[in-house]
Each structure stands twice: as structure tokens, then as C-alpha cells.
Amino acid sequence: MNKTPIRLVLVSALVVSCGDDGGRGNAPQDGDAGKQADAAAAPRTNPMLCDANRAGLGYRAVVAGDSGEALPAPARSLVPCAQLTGFASSETTLAVLKDGTVLVAPVITAEGTGILRSKDRADSWDVLLPGKLGGAQHDRAQPYMYVDATTERVLFATPAGQRQDGFVLSLSDDGGSSWRASTVGSGTVDWIKIIGGAPATAGYPTTLYASSPAPISTGFPDHQQVQRSLDGGQTWSSIDNGMLSLKAQQSGCDADEWMIYGSGVVAADGSLYLGLRHCSQLG
């Protein structure tokens, strides 16, 4: 059995007190102005907090052999680790790119709201602000990040502000280094989910869907809006035709119940499935 430990990283975006060396907590010495300037420009880093005394075992399924047996095969031990990024966050979404780059959203800073990126397995972090890099204005409320598994295009959305303005959308094709701005979900303002699946045309390799409640998820919701993009999120068109009602009483529910859609998946044949809290039942 291979006992080589691997790190199970629990990424935390917390507000903590960090030193001028980028988060390691070492106090700067007099006369080190140049070093302080270099540290301020460096990615924020905090030590990985690992607890080897609480290591667990990961198991993988094995295909039955000629004997017909199928036993769990112990994998490498799992060591839980918490990385304190030193930044504030809320309602997080995350992704790992094919080269191991970790993206966590949102990061909330005095300069704006964006994404944290790590290229060294969560040992250090870069702050990516799509608003500054691509012209979009991203506020703190209701952020959502989605990464296309096929192209690794990164989409980052936050409400545009007013209830009918939809979401400001930033797109990146280089792991967050550069961005361009778009919009999505006109007429909605919160709880957006982006879903990707089988292509419907020979253009962009993935059909993208954006699902969000119109005009809002709580209070007086009307219907679930579903939009589709065939060009990777640059333009969107509505496909729900108002058929997905969010009016609980009209759906046979009690007055104090509510309806809300979660995320979804796209099947290989192109069918779109959306999860729904239908009053007190799963829909």
C-alpha cells in the first residue's frame, strides 16, 4: 500500500491580520524599504495548516477480476490542510484547471471584487480583478464563477445593480490574466447558475446555459429565466418562454412555501436538467 500522504486542501478565504511580508507574519526591519516594496507586490501567502494526526484513507473502486471479486483498494492517505488566504469572501465557487491552477471566487478587496488564483497548490495566491482588467464593474453581492471544462474559459458574474439590469459578466481565456466584459440574465438580479454541456452547433464547443430567477428569488418571484449561449457566453438568448413559474400558490403550495431552482447538468444528448425546491418537495 502506498502511504505517501497527499494534501486534502480546505481553501478558506478569511479576513486575517497579515504582516508586510505578504502574510508570513514576519515584522520588517528598519532600512528594509526595498524588501517591503517587493513583498507588497508579491502574491499573498500564508502557511499551510496541516494536521497529520487526523489523516484518513482514500479508497478507489477496482474492476472485478476473473475471480469475480471486487474489493476496495486503499489509496494514499489524505491529510487535511487549511489554507488561510488572508482575504474576505462569501458564497464561494471554485475550480481547478488542467494545469493544476486553483481558482476561488469571490475575493473581496478594497480595490474591487474578483477571483483568487494559485499556481502552487494553494501555497500562495494572486488577486485577479476582472473589473480593472476587463472594464466590468463587479460588486460584492451574489457572485458566481463558472469554468468551461472543455475550453477552460472562465466566466465571473455579479449583479449589474438595478433589478432589471441583469448581471455583469467577465470572460477570460487565459486562466484569469486578461478579461473582456459582457452581460447576462437581463431582468434578473440574484442566484444565477451557469451550466455547460453538449454543443448545439459547430461553433463554440460547449452550449452554455444561465439560469436565474426573475426578477428575484425571494419576495415576489415570477418565473425562472433560462438563457442560452452558443458563443461561449459572449451573447445570450432566452429559451424558457416564461414556462418555469416560481409562484408557489399557483403551483398548489401553501402561502408560506416557496420555489427556487438550484444548479443543473446537461446530458450527452443535450437535455438540460435543473434541480428545483418545489415547496416542500424536490422537483
# chains A, B, ... in the order shown; residues from 1 in each chain; ligands from 1

$ closest_atom_pairs --of "segment 180-201 of chain A" --to "segment 124-138 of chain A" --cutoff "8 Å" --atoms "only C-alpha atoms" --output "tab-separated table"
residue	atom	partner	partner_atom	distance
A:Arg180	CA	A:Gly134	CA	4.5
A:Ala181	CA	A:Ala136	CA	5.5
A:Ser182	CA	A:Ala136	CA	7.9

$ write_last_selection --atoms "all heavy atoms" --output "compact mmCIF listing (two decimals), in the first residue's frame"
# COMPACT_ATOMS: atom_id res chain seq x y z
N ARG A 180 -12.50 40.24 -20.72
CA ARG A 180 -13.35 41.11 -21.51
C ARG A 180 -14.75 41.06 -20.90
O ARG A 180 -15.11 40.09 -20.22
CB ARG A 180 -13.38 40.70 -22.98
CG ARG A 180 -13.89 39.29 -23.24
CD ARG A 180 -13.64 38.93 -24.70
NE ARG A 180 -14.16 37.61 -25.05
CZ ARG A 180 -13.52 36.49 -24.80
NH1 ARG A 180 -12.35 36.50 -24.18
NH2 ARG A 180 -14.03 35.33 -25.18
N ALA A 181 -15.53 42.09 -21.12
CA ALA A 181 -16.81 42.25 -20.43
C ALA A 181 -17.98 41.90 -21.33
O ALA A 181 -17.95 42.13 -22.54
CB ALA A 181 -16.94 43.67 -19.91
N SER A 182 -19.03 41.37 -20.71
CA SER A 182 -20.29 41.08 -21.40
C SER A 182 -21.41 41.23 -20.36
O SER A 182 -21.19 41.72 -19.26
CB SER A 182 -20.26 39.67 -22.00
OG SER A 182 -21.45 39.40 -22.72

$ residues_around --residues "Ser280 of chain A" --least-positions-apart "2" --cutoff "9 Å" --atoms "only C-alpha atoms" --output "ChimeraX atom specification"
/A:253,257-259,277-278,282

$ residues_around --residues "Val189 of chain A" --least-positions-apart "4" --cutoff "10 Å" --atoms "only C-alpha atoms" --output "ChimeraX atom specification"
/A:141-142,158-167,185,212-217

$ closest_residue --among "A:Gly197, A:Gly283, A:Asp139, A:Leu78" --to "Glu111 of chain A" --atoms "only C-alpha atoms"
A:Asp139

$ select_by_dssp --residues "segment 108-283 of chain A" --states "alpha helix (DSSP H)" --output "list in words"
Pro130, Gly131, Lys132, Leu133 and Gly134 of chain A

$ residues_around --residues "Gly270 of chain A" --least-positions-apart "6" --cutoff "10 Å" --atoms "only C-alpha atoms" --output "list in words"
Gly196, Gly197, Ala198, Pro199, Ala200 and Thr207 of chain A

$ atom_distance --atom1 "atom CA of Val168 of chain A" --atom2 "atom CA of Phe156 of chain A"
8.2 Å

$ residues_around --residues "Gly203 of chain A" --least-positions-apart "5" --cutoff "12 Å" --atoms "only C-alpha atoms" --output "PyMOL selection string"
chain A and resi 198+229-232

$ closest_residue --among "A:Met48, A:Val147, A:Met243, A:Leu208" --to "Gln225 of chain A" --atoms "only C-alpha atoms"
A:Met243

$ decode --residues "segment 80-95 of chain A" --atoms "all heavy atoms" --output "mmCIF file, in the first residue's frame"
data_model
loop_
_atom_site.group_PDB
_atom_site.id
_atom_site.type_symbol
_atom_site.label_atom_id
_atom_site.label_comp_id
_atom_site.auth_asym_id
_atom_site.auth_seq_id
_atom_site.Cartn_x
_atom_site.Cartn_y
_atom_site.Cartn_z
ATOM 1 N N PRO A 80 -5.685 16.430 5.999
ATOM 2 C CA PRO A 80 -6.450 17.677 5.869
ATOM 3 C C PRO A 80 -5.592 18.896 6.139
ATOM 4 O O PRO A 80 -4.834 18.933 7.105
ATOM 5 C CB PRO A 80 -7.552 17.519 6.926
ATOM 6 C CG PRO A 80 -6.939 16.612 7.952
ATOM 7 C CD PRO A 80 -6.053 15.663 7.200
ATOM 8 N N CYS A 81 -5.716 19.893 5.276
ATOM 9 C CA CYS A 81 -4.960 21.137 5.420
ATOM 10 C C CYS A 81 -5.895 22.314 5.181
ATOM 11 O O CYS A 81 -6.777 22.245 4.320
ATOM 12 C CB CYS A 81 -3.812 21.222 4.416
ATOM 13 S SG CYS A 81 -2.602 19.890 4.539
ATOM 14 N N ALA A 82 -5.714 23.375 5.926
ATOM 15 C CA ALA A 82 -6.492 24.603 5.742
ATOM 16 C C ALA A 82 -5.548 25.718 5.322
ATOM 17 O O ALA A 82 -4.531 25.971 5.971
ATOM 18 C CB ALA A 82 -7.215 24.980 7.032
ATOM 19 N N GLN A 83 -5.857 26.364 4.221
ATOM 20 C CA GLN A 83 -5.064 27.494 3.756
ATOM 21 C C GLN A 83 -5.832 28.773 4.029
ATOM 22 O O GLN A 83 -6.909 28.985 3.482
ATOM 23 C CB GLN A 83 -4.776 27.354 2.262
ATOM 24 C CG GLN A 83 -4.209 28.599 1.576
ATOM 25 C CD GLN A 83 -2.841 28.997 2.118
ATOM 26 O OE1 GLN A 83 -2.762 29.612 3.169
ATOM 27 N NE2 GLN A 83 -1.797 28.644 1.407
ATOM 28 N N LEU A 84 -5.308 29.612 4.906
ATOM 29 C CA LEU A 84 -5.936 30.899 5.193
ATOM 30 C C LEU A 84 -5.377 31.919 4.207
ATOM 31 O O LEU A 84 -4.216 32.304 4.280
ATOM 32 C CB LEU A 84 -5.649 31.314 6.639
ATOM 33 C CG LEU A 84 -6.037 30.276 7.700
ATOM 34 C CD1 LEU A 84 -5.719 30.792 9.095
ATOM 35 C CD2 LEU A 84 -7.509 29.920 7.585
ATOM 36 N N THR A 85 -6.205 32.340 3.274
ATOM 37 C CA THR A 85 -5.709 33.199 2.202
ATOM 38 C C THR A 85 -5.436 34.620 2.657
ATOM 39 O O THR A 85 -4.689 35.344 2.014
ATOM 40 C CB THR A 85 -6.736 33.258 1.054
ATOM 41 O OG1 THR A 85 -7.930 33.904 1.529
ATOM 42 C CG2 THR A 85 -7.084 31.850 0.576
ATOM 43 N N GLY A 86 -6.079 35.050 3.750
ATOM 44 C CA GLY A 86 -5.883 36.423 4.202
ATOM 45 C C GLY A 86 -6.846 37.409 3.585
ATOM 46 O O GLY A 86 -6.711 38.614 3.784
ATOM 47 N N PHE A 87 -7.839 36.909 2.843
ATOM 48 C CA PHE A 87 -8.792 37.793 2.184
ATOM 49 C C PHE A 87 -10.218 37.469 2.609
ATOM 50 O O PHE A 87 -10.488 36.392 3.139
ATOM 51 C CB PHE A 87 -8.682 37.664 0.657
ATOM 52 C CG PHE A 87 -7.376 38.118 0.099
ATOM 53 C CD1 PHE A 87 -6.354 37.220 -0.156
ATOM 54 C CD2 PHE A 87 -7.152 39.471 -0.160
ATOM 55 C CE1 PHE A 87 -5.141 37.642 -0.680
ATOM 56 C CE2 PHE A 87 -5.940 39.897 -0.677
ATOM 57 C CZ PHE A 87 -4.942 38.982 -0.938
ATOM 58 N N ALA A 88 -11.121 38.394 2.347
ATOM 59 C CA ALA A 88 -12.538 38.188 2.636
ATOM 60 C C ALA A 88 -13.237 37.552 1.441
ATOM 61 O O ALA A 88 -12.822 37.722 0.290
ATOM 62 C CB ALA A 88 -13.195 39.520 2.977
ATOM 63 N N SER A 89 -14.329 36.818 1.733
ATOM 64 C CA SER A 89 -15.088 36.178 0.667
ATOM 65 C C SER A 89 -16.499 35.883 1.157
ATOM 66 O O SER A 89 -16.812 36.084 2.331
ATOM 67 C CB SER A 89 -14.407 34.885 0.220
ATOM 68 O OG SER A 89 -15.051 34.338 -0.908
ATOM 69 N N SER A 90 -17.362 35.408 0.238
ATOM 70 C CA SER A 90 -18.713 34.979 0.576
ATOM 71 C C SER A 90 -19.276 34.190 -0.597
ATOM 72 O O SER A 90 -18.908 34.433 -1.746
ATOM 73 C CB SER A 90 -19.621 36.193 0.860
ATOM 74 O OG SER A 90 -19.792 36.972 -0.309
ATOM 75 N N GLU A 91 -20.134 33.208 -0.311
ATOM 76 C CA GLU A 91 -20.804 32.425 -1.360
ATOM 77 C C GLU A 91 -19.807 31.933 -2.401
ATOM 78 O O GLU A 91 -19.924 32.223 -3.590
ATOM 79 C CB GLU A 91 -21.909 33.256 -2.015
ATOM 80 C CG GLU A 91 -22.982 33.709 -1.036
ATOM 81 C CD GLU A 91 -24.106 34.447 -1.724
ATOM 82 O OE1 GLU A 91 -24.807 33.818 -2.525
ATOM 83 O OE2 GLU A 91 -24.289 35.637 -1.453
ATOM 84 N N THR A 92 -18.836 31.146 -1.963
ATOM 85 C CA THR A 92 -17.707 30.806 -2.824
ATOM 86 C C THR A 92 -18.050 29.777 -3.898
ATOM 87 O O THR A 92 -18.880 28.895 -3.711
ATOM 88 C CB THR A 92 -16.537 30.262 -1.990
ATOM 89 O OG1 THR A 92 -16.989 29.131 -1.234
ATOM 90 C CG2 THR A 92 -16.008 31.320 -1.049
ATOM 91 N N THR A 93 -17.383 29.923 -5.036
ATOM 92 C CA THR A 93 -17.319 28.902 -6.073
ATOM 93 C C THR A 93 -15.846 28.705 -6.397
ATOM 94 O O THR A 93 -15.037 29.630 -6.243
ATOM 95 C CB THR A 93 -18.085 29.327 -7.337
ATOM 96 O OG1 THR A 93 -17.768 30.692 -7.661
ATOM 97 C CG2 THR A 93 -19.580 29.210 -7.137
ATOM 98 N N LEU A 94 -15.480 27.510 -6.836
ATOM 99 C CA LEU A 94 -14.064 27.255 -7.130
ATOM 100 C C LEU A 94 -13.926 26.290 -8.283
ATOM 101 O O LEU A 94 -14.867 25.593 -8.659
ATOM 102 C CB LEU A 94 -13.321 26.756 -5.887
ATOM 103 C CG LEU A 94 -13.812 25.494 -5.181
ATOM 104 C CD1 LEU A 94 -13.227 24.244 -5.801
ATOM 105 C CD2 LEU A 94 -13.432 25.548 -3.706
ATOM 106 N N ALA A 95 -12.699 26.263 -8.854
ATOM 107 C CA ALA A 95 -12.411 25.386 -9.979
ATOM 108 C C ALA A 95 -10.926 25.086 -9.993
ATOM 109 O O ALA A 95 -10.115 25.859 -9.462
ATOM 110 C CB ALA A 95 -12.829 26.039 -11.304
#
